[in-house]
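K.L.:
Quick one: this structure, given as structure tokens, is what I'll be asking you about.
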Amino acid sequence: MSIRWRTISIVTVVLALSTVALHQFISYQQLATFRQIERDDAEKNLNRVRETVVSDLRQLAFVAADYASWDDTYQFAEDLNQKFIDVNLGPLTPLDLDIHTILLLSETGGLLHGIEVDFEDEEAVELSSGLVGAFQPASPLISARSADREVFGFLELGGRLLMAAVAPILKSDDSGMPRGSLVMGRYLDNAKLNELENQTQLDLELLKKGNRGFQELVASVQSGAGRVPNGDESHPQQRKSRLEIVDENAIRGHLLFDDAAGEPVLVVSATLPRTIYKAGTRSLNILLIALIAAGVVLTVTVVVLLDRIVLRRLSRLGGEVAAIGTSGDLGARVNERGKDELAILGRTVNWMLDQLKDSADKLAVEHQRAEGLLLNILPEPVAAELKRSPDAIAESYDQVSILFADLVGFTELAADLDAEQVVGVLNGLFSRFDDLALELGLEKIKTIGDAYMVAAGLPKRSEGHAPTIARMALAMVEATGEFSKENDIQLELRVGINSGVVVAGVIGKSKFIYDLWGDAVNIASRMESTGESGRIQVTQSTYELLKDEFDLVERGMTHIKGRGEMATWFLVGELQTGPQESIGH
């Protein structure tokens, strides 16, 4: 097949596949987004239902606590004054409070006063069977009630579900020992369901304990991927929720509530229309039609224009380039007539042929230069390994000595110099440090501002790493003094040394740097930062390696951030026969 027809075929197939893939991708992303938005919206609605129910319970608890903290209530619990009941807890009181029952109980569970009303007849009725028994001292709500805090929850009484709140009977200032409990309750009936639906503007269903299908639905909610919708799982009313897709038109959410004993007692279900999801599917269908139409138009246009304007001439140009490549004649030229992009391409190919030989020669020179730069940045073994493998390079060293040095007073000095002078001072002094490191065979790690870091014992392992780094430190202090005199400036060096285990290597993909990691590095840095100007502070591990060859003065215990108190020494100089000049005193 010719390039022309192959290109036409590829363009057609690619555009068709791209259209399908784009639609599938957008469909997957958008439908997932719409489903998530739909789920979030449904969970918000479930959360509104939960908050409405809990809010009603809290309001009931608030009213109960208010009545329970009257001085008259407190007195009634002692003397059973009927006047208190006539004035405050008459037959109309529950109706005014929109509740079904009010109980006053002693601390032992005895009934001091109780009233229950029928909302339809608006009159008092006989207390429901088991009502008083549900609030004995051992019952969950009464036992959960503390001396100064009300509690609330659900109770299942003979097939009816009671929203109940219990508050301790106290004086108005909440003083004194509780003289019993005040209970207020509201049955969860059809009137309450209608009230919840009006409050939430949702179509709700209540499935109570004992109803058919209750246990199966509870098990489904508890075993599903439910979660507390934006709530605190520690609250007794904030239980698991579950969402399920009914069909293309509806989604149903379930909220599970416990009774006072922590047993499932109520499931509130809300059916919601899938408005968001259906809007998403409609928009995706419209998108598919638009993509197909656009793809057909684009395919025809691209194929016609590509064949007439590009492919024929490109085929000829490709043949000429192939002929030059086959012959190897760099003096040959391709046709470059015209002023359009293909003519420019022809002239570019001819220019490329002119530059080919020069580029080959320059490539060899640049390769050598790149090798030199790489070896100037990284140790030779590390550079060789990095060229073999692009992965991160890291190696552990058991015995390494690390030196950190910082110019004391350089910040104040730099404030009086311009940027060029600051760089000149640092470059002049640090170049001397570099020469010392090269002379002693040490590995310079990096400079940060006016700080200098060098290590001994890597990448080539060496047993004499500590003495070598010590000589480097002494020479750096001496070089700093000489540099200060020569340039008539006041500079002093503060040096810290530590020996131990490190990991060294190169990480990342760009701007490589050979660096060290480990606790030994951090301690070496702390030795510098806690040291004294003009002196060299070393750790005990370094001291043990130097004490036979060098003069060291014990400093004592030094507080090291993150490590506490550590024994440190000052390095003075090398031990030698005859008089010696100490460095750093």
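Convention: chains lettered A, B, ... in structure tokens order; per-chain residue numbering from 1; ligands numbered from 1 as shown.
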Could you pull out all residues of stretch 170-201 of chain A with a DSSP call of strand (DSSP E or B) and give them as a list in words?
P.N.:
Ser181, Leu182, Val183, Met184, Gly185, Arg186 and Tyr187 of chain A
K.L.:
If we count only C-alpha atoms and set the cut-off at 12 Å, which residues sit around A:Leu196, ignoring sequence neighbours fewer than 2 positions away in its own chain? Please answer as a CSV table (one decimal) with N, CA and C atoms, in the first residue's frame.
P.N.:
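Listed below is the output, out.csv:
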chain,number,residue,atom,x,y,z
A,48,ARG,N,-30.1,15.3,56.2
A,48,ARG,CA,-31.2,16.2,56.6
A,48,ARG,C,-32.2,15.5,57.4
A,49,VAL,N,-32.6,14.3,56.9
A,49,VAL,CA,-33.6,13.5,57.7
A,49,VAL,C,-33.0,13.1,59.1
A,50,ARG,N,-31.8,12.6,59.1
A,50,ARG,CA,-31.2,12.3,60.4
A,50,ARG,C,-31.1,13.5,61.3
A,51,GLU,N,-30.7,14.6,60.8
A,51,GLU,CA,-30.6,15.8,61.6
A,51,GLU,C,-31.9,16.3,62.1
A,52,THR,N,-33.0,16.1,61.2
A,52,THR,CA,-34.3,16.5,61.6
A,52,THR,C,-34.8,15.6,62.8
A,53,VAL,N,-34.6,14.3,62.7
A,53,VAL,CA,-35.0,13.4,63.8
A,53,VAL,C,-34.2,13.7,65.0
A,54,VAL,N,-32.9,13.8,64.9
A,54,VAL,CA,-32.1,14.1,66.1
A,54,VAL,C,-32.4,15.5,66.7
A,55,SER,N,-32.7,16.4,65.8
A,55,SER,CA,-33.1,17.8,66.3
A,55,SER,C,-34.4,17.7,67.1
A,56,ASP,N,-35.4,16.9,66.6
A,56,ASP,CA,-36.6,16.7,67.4
A,56,ASP,C,-36.3,16.1,68.8
A,188,LEU,N,-43.9,8.0,67.5
A,188,LEU,CA,-43.6,8.2,66.1
A,188,LEU,C,-44.8,7.6,65.3
A,189,ASP,N,-45.8,8.4,65.1
A,189,ASP,CA,-47.0,7.9,64.4
A,189,ASP,C,-47.1,8.6,63.0
A,190,ASN,N,-48.2,8.4,62.3
A,190,ASN,CA,-48.4,9.0,61.0
A,190,ASN,C,-48.3,10.5,61.0
A,191,ALA,N,-48.8,11.1,62.1
A,191,ALA,CA,-48.8,12.6,62.2
A,191,ALA,C,-47.3,13.0,62.2
A,192,LYS,N,-46.5,12.3,63.0
A,192,LYS,CA,-45.1,12.7,63.1
A,192,LYS,C,-44.4,12.4,61.7
A,193,LEU,N,-44.8,11.3,61.0
A,193,LEU,CA,-44.2,11.1,59.7
A,193,LEU,C,-44.5,12.2,58.7
A,194,ASN,N,-45.8,12.7,58.7
A,194,ASN,CA,-46.1,13.8,57.9
A,194,ASN,C,-45.3,15.1,58.2
A,198,ASN,N,-42.8,17.1,55.8
A,198,ASN,CA,-42.9,18.5,55.5
A,198,ASN,C,-41.6,19.3,55.8
A,199,GLN,N,-41.0,18.8,56.9
A,199,GLN,CA,-39.7,19.5,57.2
A,199,GLN,C,-38.6,19.2,56.2
A,200,THR,N,-38.5,18.0,55.7
A,200,THR,CA,-37.5,17.6,54.8
A,200,THR,C,-37.8,17.7,53.3
A,201,GLN,N,-39.2,17.8,53.0
A,201,GLN,CA,-39.6,17.9,51.7
A,201,GLN,C,-39.2,16.6,50.9
A,202,LEU,N,-39.3,15.5,51.6
A,202,LEU,CA,-38.9,14.2,51.0
A,202,LEU,C,-40.1,13.2,51.2
A,203,ASP,N,-40.1,12.2,50.3
A,203,ASP,CA,-41.1,11.1,50.5
A,203,ASP,C,-40.5,10.0,51.4
A,204,LEU,N,-41.0,9.9,52.6
A,204,LEU,CA,-40.4,9.1,53.6
A,204,LEU,C,-41.2,7.8,53.9
A,205,GLU,N,-40.6,6.8,54.3
A,205,GLU,CA,-41.2,5.6,54.8
A,205,GLU,C,-40.6,5.2,56.1
A,206,LEU,N,-41.4,4.7,57.1
A,206,LEU,CA,-40.9,4.3,58.4
A,206,LEU,C,-41.1,2.8,58.5
A,268,VAL,N,-35.6,4.6,58.5
A,268,VAL,CA,-36.2,5.6,57.8
A,268,VAL,C,-35.7,5.6,56.3
A,269,SER,N,-36.6,5.4,55.4
A,269,SER,CA,-36.3,5.3,54.0
A,269,SER,C,-36.8,6.5,53.2
A,270,ALA,N,-36.0,7.0,52.3
A,270,ALA,CA,-36.3,8.1,51.5
A,270,ALA,C,-36.1,7.8,50.0
K.L.:
Write out as a ChimeraX atom specification which residues come within 10 Å of A:Gly449 when counting only C-alpha atoms, dropping same-chain ones fewer than 4 positions away.
P.N.:
/A:406-407,410-411,423,426
K.L.:
Got a sec: who's within 12 Å of A:Asp340, counting only C-alpha atoms, leaving out chain neighbours fewer than 4 positions off, as an MDAnalysis selection string?
P.N.:
chainID A and resid 309:310 313 336 344:347
K.L.:
Which of these residues is nearest to A:Leu80, using only C-alpha atoms: A:Leu112, A:Val321, A:Ala466, A:Ala61?
P.N.:
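Using only C-alpha atoms, A:Leu80 sits closest to A:Leu112.
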K.L.:
Env of A:Glu120: 12 Å cut, atoms = only C-alpha atoms, seq-sep filter 2 positions within chain, self excluded. Answer as a list of chain:residue names.
P.N.:
A:Leu95, A:Asp98, A:His100, A:Val117, A:Asp118, A:Glu122, A:Glu123, A:Ala124, A:Val125, A:Ala191
K.L.:
Let me see the file: selected residues, N, CA and C atoms, as a compact mmCIF listing (two decimals), in the first residue's frame.
P.N.:
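What landed in again27.txt:
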# COMPACT_ATOMS: atom_id res chain seq x y z
N LEU A 95 -50.45 18.54 75.13
CA LEU A 95 -50.94 19.02 73.84
C LEU A 95 -50.23 20.31 73.45
N ASP A 98 -46.90 19.44 72.21
CA ASP A 98 -46.92 18.52 71.07
C ASP A 98 -46.22 17.20 71.43
N HIS A 100 -46.87 13.26 73.73
CA HIS A 100 -47.93 12.35 74.15
C HIS A 100 -47.94 12.12 75.66
N VAL A 117 -51.85 11.71 76.63
CA VAL A 117 -52.99 12.31 75.95
C VAL A 117 -53.16 11.67 74.58
N ASP A 118 -54.37 11.77 74.08
CA ASP A 118 -54.71 11.35 72.72
C ASP A 118 -54.85 12.61 71.88
N GLU A 122 -57.88 14.97 71.98
CA GLU A 122 -57.33 16.06 72.80
C GLU A 122 -57.77 15.91 74.26
N GLU A 123 -57.59 14.70 74.80
CA GLU A 123 -57.93 14.46 76.20
C GLU A 123 -56.97 13.42 76.76
N ALA A 124 -56.89 13.42 78.10
CA ALA A 124 -55.99 12.49 78.78
C ALA A 124 -56.54 11.07 78.66
N VAL A 125 -55.63 10.11 78.53
CA VAL A 125 -55.98 8.70 78.47
C VAL A 125 -55.14 7.94 79.48
N ALA A 191 -48.83 11.13 62.07
CA ALA A 191 -48.76 12.59 62.16
C ALA A 191 -47.31 13.05 62.22
K.L.:
Pick out the residues sitting within 10 Å of A:Gly496, and hand them over as a list in words; count only C-alpha atoms, and ignore anything fewer than 6 positions along from it in its own chain.
P.N.:
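Result of the neighbour search: Ile402, Leu403, Phe404, Ala405, Asp406, Met453, Ala473, Ile523, Ala524, Ser525, Arg526, Met527, Glu528, Ser529, Thr530, Gly531, Glu532, Arg535, Ile536, Gln537, Val538, Thr539, Phe570 and Leu571 of chain A.
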K.L.:
Convert the current residue selection to file output with C-alpha atoms, as an mmCIF file, in the first residue's frame.
P.N.:
data_model
loop_
_atom_site.group_PDB
_atom_site.id
_atom_site.type_symbol
_atom_site.label_atom_id
_atom_site.label_comp_id
_atom_site.auth_asym_id
_atom_site.auth_seq_id
_atom_site.Cartn_x
_atom_site.Cartn_y
_atom_site.Cartn_z
ATOM 1 C CA ILE A 402 31.431 14.261 57.942
ATOM 2 C CA LEU A 403 32.562 17.867 58.340
ATOM 3 C CA PHE A 404 30.307 20.909 58.392
ATOM 4 C CA ALA A 405 31.889 24.380 58.433
ATOM 5 C CA ASP A 406 30.226 27.783 58.628
ATOM 6 C CA MET A 453 30.306 20.262 53.687
ATOM 7 C CA ALA A 473 39.429 20.843 59.474
ATOM 8 C CA ILE A 523 24.718 15.148 64.319
ATOM 9 C CA ALA A 524 27.667 16.530 62.333
ATOM 10 C CA SER A 525 25.544 19.549 61.420
ATOM 11 C CA ARG A 526 24.599 19.976 65.112
ATOM 12 C CA MET A 527 28.313 19.844 66.020
ATOM 13 C CA GLU A 528 28.888 22.855 63.780
ATOM 14 C CA SER A 529 25.828 24.837 64.877
ATOM 15 C CA THR A 530 26.534 24.310 68.608
ATOM 16 C CA GLY A 531 30.275 24.842 68.320
ATOM 17 C CA GLU A 532 32.341 27.942 68.988
ATOM 18 C CA ARG A 535 37.105 26.008 66.926
ATOM 19 C CA ILE A 536 36.477 22.446 65.753
ATOM 20 C CA GLN A 537 33.915 20.477 67.761
ATOM 21 C CA VAL A 538 33.797 16.668 67.443
ATOM 22 C CA THR A 539 31.539 13.922 68.799
ATOM 23 C CA PHE A 570 37.446 20.441 70.672
ATOM 24 C CA LEU A 571 40.103 19.386 68.166
#
K.L.:
Using DSSP on the backbone, list every residue of stretch 256-312 of chain A that comes out as alpha helix (DSSP H), and give them as a PyMOL selection string.
P.N.:
chain A and resi 275-305+312
K.L.:
For A:Thr468, which residue out of A:Ala77, A:Leu342, A:Leu438, A:Val246 is the nearest one, using only C-alpha atoms?
P.N.:
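Closest to A:Thr468 of all the choices is A:Leu438.
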